[in-house]
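Visitor: coords.cif is reproduced below (mmCIF, C-alpha atoms and all ligand atoms).
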data_protein
loop_
_atom_site.label_atom_id
_atom_site.label_comp_id
_atom_site.auth_asym_id
_atom_site.auth_seq_id
_atom_site.Cartn_x
_atom_site.Cartn_y
_atom_site.Cartn_z
CA MET C 1 -96.91 30.85 59.03
CA ASP C 2 -97.09 28.61 55.92
CA ALA C 3 -93.43 27.58 55.82
CA PHE C 4 -93.77 26.48 59.42
CA VAL C 5 -96.91 24.37 59.21
CA ASP C 6 -96.37 20.96 60.79
CA PHE C 7 -92.80 21.97 61.41
CA LYS C 8 -92.30 19.86 64.54
CA LYS C 9 -91.84 16.85 62.30
CA HIS C 10 -88.26 18.05 61.67
CA PHE C 11 -87.48 17.79 65.42
CA SER C 12 -87.54 14.30 66.93
CA ALA C 13 -87.64 15.78 70.43
CA LEU C 14 -91.00 17.40 69.68
CA HIS C 15 -92.87 14.50 68.12
CA ASP C 16 -94.78 13.85 71.36
CA PRO C 17 -97.83 16.15 71.16
CA ALA C 18 -97.86 16.40 74.96
CA VAL C 19 -94.61 18.41 74.85
CA VAL C 20 -95.04 22.17 74.44
CA TYR C 21 -91.54 23.60 74.30
CA LEU C 22 -91.45 27.35 74.90
CA ASP C 23 -87.94 27.75 76.31
CA SER C 24 -85.86 28.34 73.18
CA ALA C 25 -84.07 31.36 74.69
CA ALA C 26 -82.47 28.90 77.12
CA THR C 27 -81.65 26.37 74.43
CA THR C 28 -83.31 25.30 71.19
CA GLN C 29 -84.15 21.78 70.08
CA VAL C 30 -82.09 20.32 67.24
CA PRO C 31 -83.52 19.51 63.81
CA ASP C 32 -82.90 16.07 62.33
CA SER C 33 -80.77 17.62 59.56
CA VAL C 34 -78.27 18.91 62.15
CA LEU C 35 -78.24 15.60 64.04
CA ALA C 36 -77.65 13.79 60.74
CA ALA C 37 -74.70 16.05 59.82
CA VAL C 38 -73.04 15.46 63.19
CA SER C 39 -73.52 11.72 63.13
CA SER C 40 -72.45 11.42 59.49
CA TYR C 41 -69.13 13.09 60.38
CA ALA C 42 -68.44 10.59 63.20
CA ARG C 43 -69.68 7.59 61.19
CA GLY C 44 -67.40 8.55 58.32
CA GLY C 45 -64.34 8.50 60.61
CA ARG C 46 -63.20 11.17 63.04
CA GLY C 47 -59.81 12.80 62.94
CA ASN C 48 -57.91 15.48 64.79
CA PRO C 49 -57.55 18.48 62.45
CA TYR C 50 -54.19 19.95 61.52
CA ARG C 51 -52.28 17.15 63.28
CA GLY C 52 -52.48 13.98 61.25
CA LEU C 53 -51.67 13.08 57.67
CA HIS C 54 -54.13 10.21 57.31
CA THR C 55 -57.47 10.46 55.53
CA PHE C 56 -59.63 10.98 58.59
CA ALA C 57 -57.42 13.79 59.89
CA ALA C 58 -57.35 15.46 56.47
CA LYS C 59 -61.12 15.20 56.21
CA ALA C 60 -61.55 16.72 59.69
CA THR C 61 -59.26 19.63 58.75
CA LYS C 62 -61.31 20.25 55.62
CA LEU C 63 -64.61 20.04 57.48
CA LEU C 64 -63.46 22.41 60.21
CA SER C 65 -62.42 24.90 57.59
CA SER C 66 -65.63 24.64 55.54
CA SER C 67 -67.74 24.86 58.72
CA ARG C 68 -65.90 28.01 59.74
CA ALA C 69 -66.63 29.52 56.33
CA THR C 70 -70.35 28.66 56.61
CA VAL C 71 -70.74 30.04 60.13
CA ALA C 72 -68.77 33.18 59.24
CA ALA C 73 -70.89 33.79 56.12
CA PHE C 74 -74.04 33.42 58.23
CA ILE C 75 -73.14 36.68 60.03
CA GLY C 76 -71.61 38.35 56.97
CA ALA C 77 -68.02 37.72 58.08
CA ARG C 78 -64.96 36.24 56.40
CA PRO C 79 -63.60 32.91 57.73
CA GLU C 80 -60.45 34.58 59.03
CA GLU C 81 -62.62 36.85 61.17
CA LEU C 82 -64.29 34.00 63.08
CA LEU C 83 -62.99 32.06 66.08
CA PHE C 84 -64.68 28.98 67.43
CA THR C 85 -65.33 29.07 71.16
CA LYS C 86 -67.23 26.93 73.66
CA GLY C 87 -70.14 29.35 73.49
CA THR C 88 -71.23 32.96 73.85
CA THR C 89 -69.84 33.23 77.38
CA GLU C 90 -66.36 32.20 76.31
CA GLY C 91 -66.40 34.56 73.33
CA LEU C 92 -67.43 37.51 75.48
CA ASN C 93 -64.80 36.65 78.11
CA LEU C 94 -62.08 36.40 75.48
CA VAL C 95 -62.91 39.84 74.12
CA ALA C 96 -63.38 41.46 77.54
CA ARG C 97 -60.04 40.09 78.76
CA ALA C 98 -58.25 41.38 75.65
CA LEU C 99 -59.75 44.84 75.83
CA GLY C 100 -60.31 45.29 79.56
CA SER C 101 -56.80 44.36 80.62
CA ARG C 102 -55.47 47.39 78.73
CA LEU C 103 -57.79 49.86 80.44
CA CYS C 104 -56.78 52.15 83.29
CA PRO C 105 -58.39 54.30 85.97
CA GLY C 106 -60.19 57.14 84.20
CA ASP C 107 -61.30 54.92 81.31
CA GLN C 108 -64.96 53.99 80.95
CA VAL C 109 -66.79 50.93 79.65
CA VAL C 110 -70.42 51.46 78.74
CA LEU C 111 -72.88 48.58 79.14
CA THR C 112 -76.66 48.56 79.19
CA ILE C 113 -78.99 47.55 81.97
CA PHE C 114 -80.20 44.73 79.67
CA GLU C 115 -76.95 42.75 79.78
CA HIS C 116 -76.86 39.04 80.57
CA HIS C 117 -74.27 38.18 83.24
CA ALA C 118 -72.05 36.82 80.43
CA ASN C 119 -71.56 40.38 79.17
CA LEU C 120 -71.50 41.91 82.62
CA LEU C 121 -69.40 39.85 85.02
CA PRO C 122 -66.23 39.79 82.86
CA TRP C 123 -66.31 43.61 82.76
CA ARG C 124 -67.11 43.89 86.46
CA GLU C 125 -64.15 41.68 87.37
CA LEU C 126 -61.79 43.57 85.06
CA ALA C 127 -63.00 46.92 86.40
CA ARG C 128 -62.10 45.73 89.89
CA GLU C 129 -58.63 44.63 88.72
CA ARG C 130 -57.84 47.59 86.51
CA GLY C 131 -59.71 50.45 88.18
CA PHE C 132 -61.73 51.64 85.16
CA SER C 133 -65.38 52.58 85.56
CA ILE C 134 -68.55 51.00 84.16
CA THR C 135 -71.58 53.08 83.22
CA TYR C 136 -74.91 51.44 82.42
CA LEU C 137 -77.27 52.87 79.86
CA PRO C 138 -80.56 52.68 81.74
CA MET C 139 -83.90 51.55 80.39
CA ALA C 140 -85.78 54.48 78.87
CA LYS C 141 -89.51 55.10 79.31
CA ASN C 142 -90.18 53.40 75.98
CA GLY C 143 -88.54 50.18 77.24
CA SER C 144 -85.33 50.49 75.19
CA VAL C 145 -82.29 52.70 75.71
CA ASP C 146 -82.47 56.46 75.22
CA LEU C 147 -80.07 57.42 72.42
CA GLU C 148 -80.05 61.09 73.47
CA LEU C 149 -78.84 60.02 76.90
CA ALA C 150 -76.38 57.59 75.28
CA LYS C 151 -74.92 60.56 73.35
CA LYS C 152 -74.22 62.30 76.65
CA ILE C 153 -72.76 59.22 78.35
CA ILE C 154 -70.54 57.94 75.52
CA GLY C 155 -67.64 60.38 75.42
CA SER C 156 -63.89 60.78 75.28
CA ARG C 157 -63.33 58.51 78.33
CA THR C 158 -65.32 55.66 76.72
CA LYS C 159 -63.10 52.88 75.42
CA VAL C 160 -65.64 50.08 74.93
CA VAL C 161 -69.39 49.88 74.44
CA ALA C 162 -70.58 46.31 75.08
CA VAL C 163 -74.23 45.64 74.37
CA THR C 164 -76.67 42.82 73.84
CA GLN C 165 -78.54 42.90 70.55
CA ALA C 166 -81.70 41.35 71.99
CA SER C 167 -82.66 41.06 75.66
CA ASN C 168 -82.97 37.49 76.89
CA VAL C 169 -85.52 38.65 79.49
CA LEU C 170 -87.82 41.02 77.60
CA GLY C 171 -87.02 40.33 73.95
CA THR C 172 -86.27 44.04 73.33
CA ILE C 173 -84.07 44.66 70.29
CA LEU C 174 -81.49 47.28 71.23
CA PRO C 175 -80.28 49.97 68.78
CA VAL C 176 -76.86 48.40 68.29
CA TYR C 177 -76.19 50.13 64.99
CA GLU C 178 -76.80 53.59 66.47
CA LEU C 179 -74.77 52.80 69.60
CA ALA C 180 -71.91 51.57 67.41
CA GLU C 181 -71.92 54.89 65.54
CA LEU C 182 -71.79 56.85 68.79
CA ALA C 183 -68.97 54.62 70.06
CA HIS C 184 -66.91 54.91 66.91
CA ASP C 185 -67.34 58.70 66.88
CA VAL C 186 -65.29 58.79 70.10
CA GLY C 187 -62.87 56.02 69.05
CA ALA C 188 -64.40 53.33 71.32
CA LEU C 189 -64.74 49.67 70.35
CA VAL C 190 -68.08 47.90 70.11
CA VAL C 191 -68.76 44.41 71.43
CA VAL C 192 -72.09 42.73 70.69
CA ASP C 193 -73.69 39.85 72.54
CA ALA C 194 -75.74 38.19 69.81
CA ALA C 195 -76.75 35.09 71.81
CA GLN C 196 -80.46 35.85 71.41
CA SER C 197 -80.44 37.59 68.06
CA VAL C 198 -78.57 35.39 65.57
CA ALA C 199 -81.36 32.83 65.26
CA ARG C 200 -84.10 35.47 65.23
CA LEU C 201 -82.88 38.38 63.07
CA PRO C 202 -80.65 38.72 60.03
CA VAL C 203 -77.27 39.77 61.48
CA ASP C 204 -74.46 41.26 59.42
CA VAL C 205 -71.39 42.26 61.39
CA HIS C 206 -70.13 44.72 58.81
CA GLN C 207 -73.49 46.45 58.55
CA LEU C 208 -73.70 46.62 62.34
CA GLY C 209 -70.23 48.11 62.44
CA CYS C 210 -69.19 46.14 65.52
CA ASP C 211 -65.65 45.11 66.43
CA ALA C 212 -66.61 41.81 68.07
CA LEU C 213 -69.81 39.75 68.14
CA ALA C 214 -70.30 36.55 70.12
CA PHE C 215 -72.92 33.83 69.77
CA GLY C 216 -73.46 30.14 70.50
CA ALA C 217 -74.80 27.24 68.44
CA HIS C 218 -77.14 25.75 71.04
CA LYS C 219 -79.50 28.73 70.89
CA MET C 220 -79.72 28.48 67.10
CA TYR C 221 -80.68 24.83 66.57
CA GLY C 222 -77.08 23.61 66.72
CA PRO C 223 -75.12 21.49 69.18
CA GLU C 224 -74.09 22.41 72.70
CA GLY C 225 -70.48 23.23 73.58
CA ILE C 226 -69.62 25.31 70.54
CA GLY C 227 -69.97 28.98 69.71
CA ALA C 228 -68.12 31.61 67.75
CA VAL C 229 -66.89 35.12 68.05
CA TYR C 230 -66.38 37.52 65.18
CA ILE C 231 -63.23 39.59 65.62
CA SER C 232 -62.60 42.50 63.28
CA ASP C 233 -59.22 42.79 61.54
CA HIS C 234 -58.68 45.91 63.57
CA LEU C 235 -59.24 44.14 66.92
CA ARG C 236 -57.39 40.85 66.23
CA PRO C 237 -53.87 42.17 66.92
CA GLN C 238 -55.05 43.25 70.38
CA LEU C 239 -56.30 39.80 71.32
CA SER C 240 -54.36 37.37 73.52
CA PRO C 241 -55.23 33.68 73.80
CA LEU C 242 -57.32 32.52 76.76
CA LEU C 243 -55.75 29.04 76.57
CA TYR C 244 -52.25 27.81 75.83
CA GLY C 245 -51.48 24.31 74.54
CA GLY C 246 -51.35 22.13 71.46
CA GLY C 247 -52.18 23.40 68.00
CA MET C 248 -51.41 27.09 68.55
CA VAL C 249 -47.69 27.12 67.91
CA ASP C 250 -45.45 26.78 64.88
CA GLU C 251 -42.29 26.07 66.85
CA VAL C 252 -41.33 25.50 70.49
CA LEU C 253 -37.62 25.76 71.29
CA ASP C 254 -35.95 25.71 74.69
CA ASP C 255 -35.92 29.46 75.00
CA THR C 256 -38.43 30.69 72.43
CA ILE C 257 -41.91 29.93 71.26
CA ARG C 258 -43.12 30.89 67.81
CA TYR C 259 -46.89 31.16 67.98
CA ALA C 260 -49.20 30.55 65.05
CA GLU C 261 -50.03 33.73 63.22
CA ASP C 262 -53.49 32.67 62.20
CA LEU C 263 -56.67 31.80 64.12
CA ARG C 264 -55.09 28.64 65.58
CA LEU C 265 -53.50 30.97 68.12
CA PHE C 266 -56.86 31.36 69.85
CA GLU C 267 -58.06 27.78 69.54
CA ALA C 268 -55.54 25.76 71.58
CA GLY C 269 -56.42 22.10 72.15
CA SER C 270 -58.20 19.59 69.92
CA PRO C 271 -60.97 21.39 68.02
CA ASN C 272 -64.62 20.45 68.41
CA VAL C 273 -65.09 19.26 64.82
CA ALA C 274 -68.44 17.54 65.42
CA GLY C 275 -69.66 20.76 67.03
CA ALA C 276 -68.41 22.86 64.12
CA VAL C 277 -70.10 20.55 61.60
CA GLY C 278 -73.38 20.76 63.53
CA PHE C 279 -73.00 24.53 63.91
CA ALA C 280 -72.60 24.91 60.14
CA ALA C 281 -75.60 22.63 59.52
CA ALA C 282 -77.66 24.79 61.90
CA CYS C 283 -76.68 27.92 59.96
CA GLU C 284 -77.69 26.20 56.72
CA PHE C 285 -80.99 25.16 58.29
CA LEU C 286 -81.76 28.77 59.26
CA GLN C 287 -80.59 30.10 55.91
CA LEU C 288 -82.90 27.72 54.11
CA LEU C 289 -85.83 28.97 56.16
CA GLY C 290 -84.78 32.60 55.75
CA LEU C 291 -84.31 34.79 58.80
CA GLU C 292 -86.99 37.21 57.56
CA HIS C 293 -89.52 34.36 57.61
CA VAL C 294 -88.34 33.21 61.01
CA ARG C 295 -88.83 36.76 62.28
CA GLN C 296 -92.35 37.04 60.84
CA HIS C 297 -93.25 33.70 62.35
CA GLU C 298 -92.05 34.75 65.79
CA LEU C 299 -93.82 38.10 65.57
CA GLU C 300 -97.09 36.38 64.74
CA LEU C 301 -96.78 34.04 67.71
CA THR C 302 -95.69 36.89 70.00
CA ALA C 303 -98.61 39.10 68.96
CA LYS C 304 -101.11 36.32 69.70
CA LEU C 305 -99.47 35.55 73.05
CA VAL C 306 -99.39 39.17 74.20
CA ARG C 307 -103.03 39.72 73.15
CA ALA C 308 -104.17 36.62 75.03
CA LEU C 309 -102.12 37.39 78.15
CA ALA C 310 -103.45 40.96 78.22
CA GLU C 311 -106.99 39.62 78.55
CA LEU C 312 -106.18 37.61 81.69
CA PRO C 313 -106.65 39.09 85.17
CA ARG C 314 -103.58 39.62 87.41
CA VAL C 315 -101.18 39.03 84.54
CA ILE C 316 -98.58 41.77 84.11
CA ILE C 317 -96.63 41.80 80.84
CA HIS C 318 -93.12 43.21 81.18
CA SER C 319 -91.99 43.01 77.56
CA PRO C 320 -92.21 46.16 75.45
CA ALA C 321 -94.97 47.04 73.01
CA PRO C 322 -94.55 45.34 69.63
CA GLU C 323 -93.91 48.66 67.83
CA LEU C 324 -90.60 49.00 69.64
CA GLY C 325 -89.04 46.03 67.95
CA ARG C 326 -88.58 42.80 69.77
CA VAL C 327 -87.86 39.14 69.21
CA GLY C 328 -90.02 36.20 70.25
CA VAL C 329 -89.20 36.38 73.96
CA VAL C 330 -91.92 37.55 76.35
CA SER C 331 -91.72 38.01 80.12
CA PHE C 332 -94.72 38.32 82.39
CA SER C 333 -95.69 37.74 86.00
CA ILE C 334 -98.86 36.88 87.84
CA GLU C 335 -99.76 39.00 90.84
CA GLY C 336 -99.45 37.03 94.05
CA VAL C 337 -97.86 33.94 92.45
CA HIS C 338 -94.12 33.19 92.50
CA SER C 339 -92.69 32.65 89.02
CA HIS C 340 -91.31 29.24 90.06
CA ASP C 341 -94.81 28.11 91.07
CA VAL C 342 -96.08 29.16 87.64
CA ALA C 343 -93.23 27.25 85.97
CA GLN C 344 -93.89 24.11 88.03
CA LEU C 345 -97.63 24.10 87.37
CA LEU C 346 -97.04 24.63 83.66
CA ALA C 347 -94.37 21.89 83.61
CA ASP C 348 -96.94 19.55 85.21
CA GLN C 349 -99.07 20.18 82.11
CA GLY C 350 -96.20 19.56 79.70
CA VAL C 351 -95.52 23.24 79.03
CA ALA C 352 -91.82 24.16 79.27
CA ILE C 353 -91.04 27.80 80.06
CA ARG C 354 -88.36 29.46 82.17
CA ALA C 355 -88.86 31.32 85.45
CA GLY C 356 -86.57 33.48 87.57
CA TYR C 357 -83.99 36.18 86.94
CA HIS C 358 -82.61 34.79 83.69
CA CYS C 359 -78.98 35.67 84.59
CA ALA C 360 -79.78 39.36 84.16
CA ALA C 361 -80.08 40.57 87.75
CA PRO C 362 -79.55 44.31 87.08
CA LEU C 363 -82.49 44.35 84.68
CA THR C 364 -84.92 42.47 86.90
CA ARG C 365 -83.84 44.62 89.85
CA CYS C 366 -84.35 47.83 87.89
CA LEU C 367 -87.82 46.71 86.87
CA ASP C 368 -88.44 45.78 90.51
CA ILE C 369 -90.22 42.63 89.41
CA GLY C 370 -88.35 39.82 91.11
CA GLY C 371 -88.41 36.80 88.85
CA THR C 372 -90.46 36.64 85.67
CA VAL C 373 -92.14 33.89 83.70
CA ARG C 374 -90.46 33.82 80.30
CA VAL C 375 -91.93 32.35 77.14
CA SER C 376 -89.53 32.11 74.21
CA PHE C 377 -90.43 30.85 70.78
CA GLY C 378 -88.54 28.77 68.25
CA VAL C 379 -89.24 27.93 64.61
CA TYR C 380 -91.14 24.79 65.67
CA ASN C 381 -93.78 26.60 67.72
CA ASP C 382 -97.25 27.21 66.39
CA LEU C 383 -100.44 29.00 67.42
CA ALA C 384 -101.68 25.84 69.17
CA ASP C 385 -98.66 26.07 71.51
CA VAL C 386 -99.79 29.56 72.49
CA ASP C 387 -103.29 28.22 73.20
CA LYS C 388 -101.84 25.49 75.43
CA LEU C 389 -99.71 28.00 77.32
CA ILE C 390 -102.73 30.25 77.89
CA GLU C 391 -104.82 27.29 79.08
CA GLY C 392 -101.98 26.49 81.49
CA VAL C 393 -101.85 30.05 82.81
CA LYS C 394 -105.61 29.92 83.38
CA THR C 395 -105.12 26.79 85.50
CA VAL C 396 -102.52 28.65 87.56
CA LEU C 397 -104.91 31.56 88.04
CA ALA C 398 -107.66 29.18 89.16
CA ARG C 399 -105.32 27.46 91.60
CA PHE C 400 -104.08 30.70 93.21
CA VAL C 401 -107.31 32.64 93.71
C1 LIG P 501 -78.23 37.37 75.98
C2 LIG P 501 -77.37 36.22 76.40
N1 LIG P 501 -76.05 36.38 76.42
C3 LIG P 501 -75.21 35.37 76.77
C4 LIG P 501 -75.71 34.14 77.13
C5 LIG P 501 -74.75 33.05 77.51
O1 LIG P 501 -74.81 32.01 76.60
P1 LIG P 501 -74.07 30.62 76.90
O2 LIG P 501 -74.54 30.22 78.28
O3 LIG P 501 -74.59 29.74 75.84
O4 LIG P 501 -72.62 30.85 76.86
C6 LIG P 501 -77.09 33.94 77.15
C7 LIG P 501 -77.66 32.64 77.59
O5 LIG P 501 -78.79 32.55 77.99
C8 LIG P 501 -77.95 34.99 76.77
O6 LIG P 501 -79.27 34.85 76.73
#
What do you get writing this file as structure tokens?
Ligand SMILES: Cc1ncc(COP(=O)(O)O)c(C=O)c1O

Guide:
Amino acid sequence: MDAFVDFKKHFSALHDPAVVYLDSAATTQVPDSVLAAVSSYARGGRGNPYRGLHTFAAKATKLLSSSRATVAAFIGARPEELLFTKGTTEGLNLVARALGSRLCPGDQVVLTIFEHHANLLPWRELARERGFSITYLPMAKNGSVDLELAKKIIGSRTKVVAVTQASNVLGTILPVYELAELAHDVGALVVVDAAQSVARLPVDVHQLGCDALAFGAHKMYGPEGIGAVYISDHLRPQLSPLLYGGGMVDEVLDDTIRYAEDLRLFEAGSPNVAGAVGFAAACEFLQLLGLEHVRQHELELTAKLVRALAELPRVIIHSPAPELGRVGVVSFSIEGVHSHDVAQLLADQGVAIRAGYHCAAPLTRCLDIGGTVRVSFGVYNDLADVDKLIEGVKTVLARFV
């Protein structure tokens, strides 16, 4: 925990000791270094990349390009493999639309029961339009997915396997690498939702062997409104733009349009340069800390939390055992108390957590647990935050006897 001692000082939002922020899976707070990078860009003069010849426009073009390189390198990709998006949801929609609109009745898309709606609804809508089927890999007894069952399900009809790398409800790390191997053995493409993993685990797209991987800056200490999607060289020719407009064309004549042949094709409209600069600064922030250290830090906090919760009466922990591999996201419920009541009573004590279904209805339905109380850690949390949360839960237990 050494690197993280007194770490809240890097986050202005957390200077008030009364604030205990344990909702980083929803969105993280932003370190001063990222805020400074964003404001220094605007203070130095904004410009619209690609379009202008003046100094500010040239600087913006350069910054957009260097930010793309930094964010791409963060996930082991090359700059030409990375598109900026508005966030994870947009990246996943872009990929689903490109792949799903080519599928036909008889084809199969394999998802897991752990998916967030962002990696579920686009496929559901396309399945309705195109008539292909969706099969969910269920949760196995050990709390992850059963690879033996996956071997039976992923077959010649499978065209896409789309999977989250870490569950936003339970924190479970899914065996993406193994699923990608099974998918590629039958010629299927692999799409990864990395919204909850990029800030918590080292991620390398080429090692994972995925064809697309989407993530967003606001869950990794960066700004809101920007994300990215890695698109493999192999997949890029199959992609069509989601948006049409300025910046994506080389020539527009009365009867023909010559579209850009590079990434600009998928990024119509004025780019979010401030967002990209902040995104890159967030990647640098995490790189400086080292993802291995971040992971150790989270595991330490998670272990203490789970031990303390397990000692409390009427508390049921839904997240898997630590041996299985999980990130710093823990769901639990309290018998006889609605999760929203728990969240409200904790909020009254300054403790911010999330309650409900977490946009993952199939998972919460399969667990038959209704809503859960979700604690999710960030780099700024410490053991004292866990103590405060546990004190808060004890107050809830005392109130609802
Ligand atoms: C696993 C997962 N996927 C996708 C998303 C969607 O991210 P965004 O709302 O930032 O687009 C979230 C957000 O909570 C998530 O947790």

Visitor: The residues within 12 Å of (-63.1, 25.6, 65.9), using only C-alpha atoms and the coordinates of the file, should be reported as a PyMOL selection string; which are they?

Guide: chain C and resi 48-50+60-69+71-72+79-80+82-87+225-229+247+263-280

Visitor: With distances taken over all atoms listed in the file, which residue among C:Ala13, C:Val20, C:Leu312, C:Cys359 lies nearest Leu383 in chain C?

Guide: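 The shortest atom-to-atom distance to Leu383 in chain C comes from C:Val20.
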
Visitor: Of the candidates C:Ile173, C:Cys366, C:Ala347, C:Leu208, which one gets nearest to Leu324 in chain C if we count all atoms listed in the file?

Guide: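 The answer is C:Ile173, which sits nearest to Leu324 in chain C.
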
Visitor: Which residue gives the smallest distance to ligand LIG 501 (chain P) among C:Gly246, C:Pro223, C:Pro105, C:Gly76, with all atoms listed in the file counted?

Guide: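 Closest to ligand LIG 501 (chain P), using all atoms listed in the file: C:Pro223.
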
Visitor: Can you list every residue of chain C that has an atom at most 10 Å from ligand LIG 501 (chain P), with its nearest atom pair and the distance in Å to one decimal, using only C-alpha atoms and all ligand atoms, ordered by chain then number, as JSON lines?

Guide:
{"residue": "C:Ser24", "atom": "CA", "partner": "P:LIG501", "partner_atom": "O5", "distance": 9.5}
{"residue": "C:Ala25", "atom": "CA", "partner": "P:LIG501", "partner_atom": "O6", "distance": 6.3}
{"residue": "C:Ala26", "atom": "CA", "partner": "P:LIG501", "partner_atom": "O5", "distance": 5.3}
{"residue": "C:Thr27", "atom": "CA", "partner": "P:LIG501", "partner_atom": "O5", "distance": 7.7}
{"residue": "C:Thr85", "atom": "CA", "partner": "P:LIG501", "partner_atom": "O4", "distance": 9.4}
{"residue": "C:Lys86", "atom": "CA", "partner": "P:LIG501", "partner_atom": "O4", "distance": 7.4}
{"residue": "C:Gly87", "atom": "CA", "partner": "P:LIG501", "partner_atom": "O4", "distance": 4.4}
{"residue": "C:Thr88", "atom": "CA", "partner": "P:LIG501", "partner_atom": "O4", "distance": 3.9}
{"residue": "C:Thr89", "atom": "CA", "partner": "P:LIG501", "partner_atom": "O4", "distance": 3.7}
{"residue": "C:Glu90", "atom": "CA", "partner": "P:LIG501", "partner_atom": "O4", "distance": 6.4}
{"residue": "C:Gly91", "atom": "CA", "partner": "P:LIG501", "partner_atom": "O4", "distance": 8.1}
{"residue": "C:Leu92", "atom": "CA", "partner": "P:LIG501", "partner_atom": "C3", "distance": 8.2}
{"residue": "C:Asn93", "atom": "CA", "partner": "P:LIG501", "partner_atom": "O4", "distance": 9.8}
{"residue": "C:Phe114", "atom": "CA", "partner": "P:LIG501", "partner_atom": "C1", "distance": 8.5}
{"residue": "C:Glu115", "atom": "CA", "partner": "P:LIG501", "partner_atom": "C1", "distance": 6.7}
{"residue": "C:His116", "atom": "CA", "partner": "P:LIG501", "partner_atom": "N1", "distance": 5.0}
{"residue": "C:His117", "atom": "CA", "partner": "P:LIG501", "partner_atom": "C3", "distance": 7.1}
{"residue": "C:Ala118", "atom": "CA", "partner": "P:LIG501", "partner_atom": "C3", "distance": 5.0}
{"residue": "C:Asn119", "atom": "CA", "partner": "P:LIG501", "partner_atom": "N1", "distance": 6.6}
{"residue": "C:Leu120", "atom": "CA", "partner": "P:LIG501", "partner_atom": "N1", "distance": 9.5}
{"residue": "C:Val163", "atom": "CA", "partner": "P:LIG501", "partner_atom": "C1", "distance": 9.3}
{"residue": "C:Thr164", "atom": "CA", "partner": "P:LIG501", "partner_atom": "C1", "distance": 6.1}
{"residue": "C:Gln165", "atom": "CA", "partner": "P:LIG501", "partner_atom": "C1", "distance": 7.8}
{"residue": "C:Ala166", "atom": "CA", "partner": "P:LIG501", "partner_atom": "C1", "distance": 6.6}
{"residue": "C:Ser167", "atom": "CA", "partner": "P:LIG501", "partner_atom": "C1", "distance": 5.8}
{"residue": "C:Asn168", "atom": "CA", "partner": "P:LIG501", "partner_atom": "O6", "distance": 4.5}
{"residue": "C:Val169", "atom": "CA", "partner": "P:LIG501", "partner_atom": "O6", "distance": 7.8}
{"residue": "C:Gly171", "atom": "CA", "partner": "P:LIG501", "partner_atom": "C1", "distance": 9.5}
{"residue": "C:Val192", "atom": "CA", "partner": "P:LIG501", "partner_atom": "N1", "distance": 9.4}
{"residue": "C:Asp193", "atom": "CA", "partner": "P:LIG501", "partner_atom": "N1", "distance": 5.7}
{"residue": "C:Ala194", "atom": "CA", "partner": "P:LIG501", "partner_atom": "C1", "distance": 6.7}
{"residue": "C:Ala195", "atom": "CA", "partner": "P:LIG501", "partner_atom": "C2", "distance": 4.8}
{"residue": "C:Gln196", "atom": "CA", "partner": "P:LIG501", "partner_atom": "C1", "distance": 5.3}
{"residue": "C:Ser197", "atom": "CA", "partner": "P:LIG501", "partner_atom": "C1", "distance": 8.2}
{"residue": "C:Ala214", "atom": "CA", "partner": "P:LIG501", "partner_atom": "C3", "distance": 8.4}
{"residue": "C:Phe215", "atom": "CA", "partner": "P:LIG501", "partner_atom": "O1", "distance": 7.3}
{"residue": "C:Gly216", "atom": "CA", "partner": "P:LIG501", "partner_atom": "O3", "distance": 5.5}
{"residue": "C:Ala217", "atom": "CA", "partner": "P:LIG501", "partner_atom": "O3", "distance": 7.8}
{"residue": "C:His218", "atom": "CA", "partner": "P:LIG501", "partner_atom": "O3", "distance": 6.7}
{"residue": "C:Lys219", "atom": "CA", "partner": "P:LIG501", "partner_atom": "O3", "distance": 7.0}
{"residue": "C:Glu224", "atom": "CA", "partner": "P:LIG501", "partner_atom": "O3", "distance": 8.0}
{"residue": "C:Gly225", "atom": "CA", "partner": "P:LIG501", "partner_atom": "O3", "distance": 8.0}
{"residue": "C:Ile226", "atom": "CA", "partner": "P:LIG501", "partner_atom": "O3", "distance": 8.5}
{"residue": "C:Gly227", "atom": "CA", "partner": "P:LIG501", "partner_atom": "O3", "distance": 7.7}
{"residue": "C:His358", "atom": "CA", "partner": "P:LIG501", "partner_atom": "O5", "distance": 7.2}
{"residue": "C:Cys359", "atom": "CA", "partner": "P:LIG501", "partner_atom": "O5", "distance": 7.3}
{"residue": "C:Ala360", "atom": "CA", "partner": "P:LIG501", "partner_atom": "C1", "distance": 8.6}

Visitor: Record the distance separating CA of His340 in chain C and CA of Ala308 in chain C, expressed in Å with one decimal.

Guide: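 For CA of His340 in chain C relative to CA of Ala308 in chain C, the distance reads 21.1 Å.
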
Visitor: Distance CA of Ile134 in chain C-CA of Leu243 in chain C, one decimal place?

Guide: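 Pair CA of Ile134 in chain C / CA of Leu243 in chain C returns 26.5 Å.
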
Visitor: When you draw a straight line from CA of Tyr21 in chain C to CA of Ala343 in chain C, how long is it in Å?

Guide: 12.3 Å

Visitor: Taking only C-alpha atoms into account, which of C:Leu213, C:Val5, C:Ile154, C:Leu22 comes nearest Asp385 in chain C?

Guide: C:Leu22

Visitor: What's the 9 Å shell around Leu305 in chain C, counting only C-alpha atoms, without same-chain residues fewer than 2 positions away, as a PyMOL selection string?

Guide: chain C and resi 300-303+307-310+330+383+386-387+389-390

Visitor: Find the residue from C:Ala183, C:Ala96, C:Tyr244, C:Arg78 that sits nearest to Ala150 in chain C; use only C-alpha atoms when measuring.

Guide: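 For Ala150 in chain C, the nearest of the candidates is C:Ala183.
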
Visitor: Counting all atoms listed in the file, figure out which residue out of C:Leu99, C:Leu346, C:Val373, C:Leu288 gets nearest to Arg236 in chain C.

Guide: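 That would be C:Leu99, the residue with the smallest distance to Arg236 in chain C.
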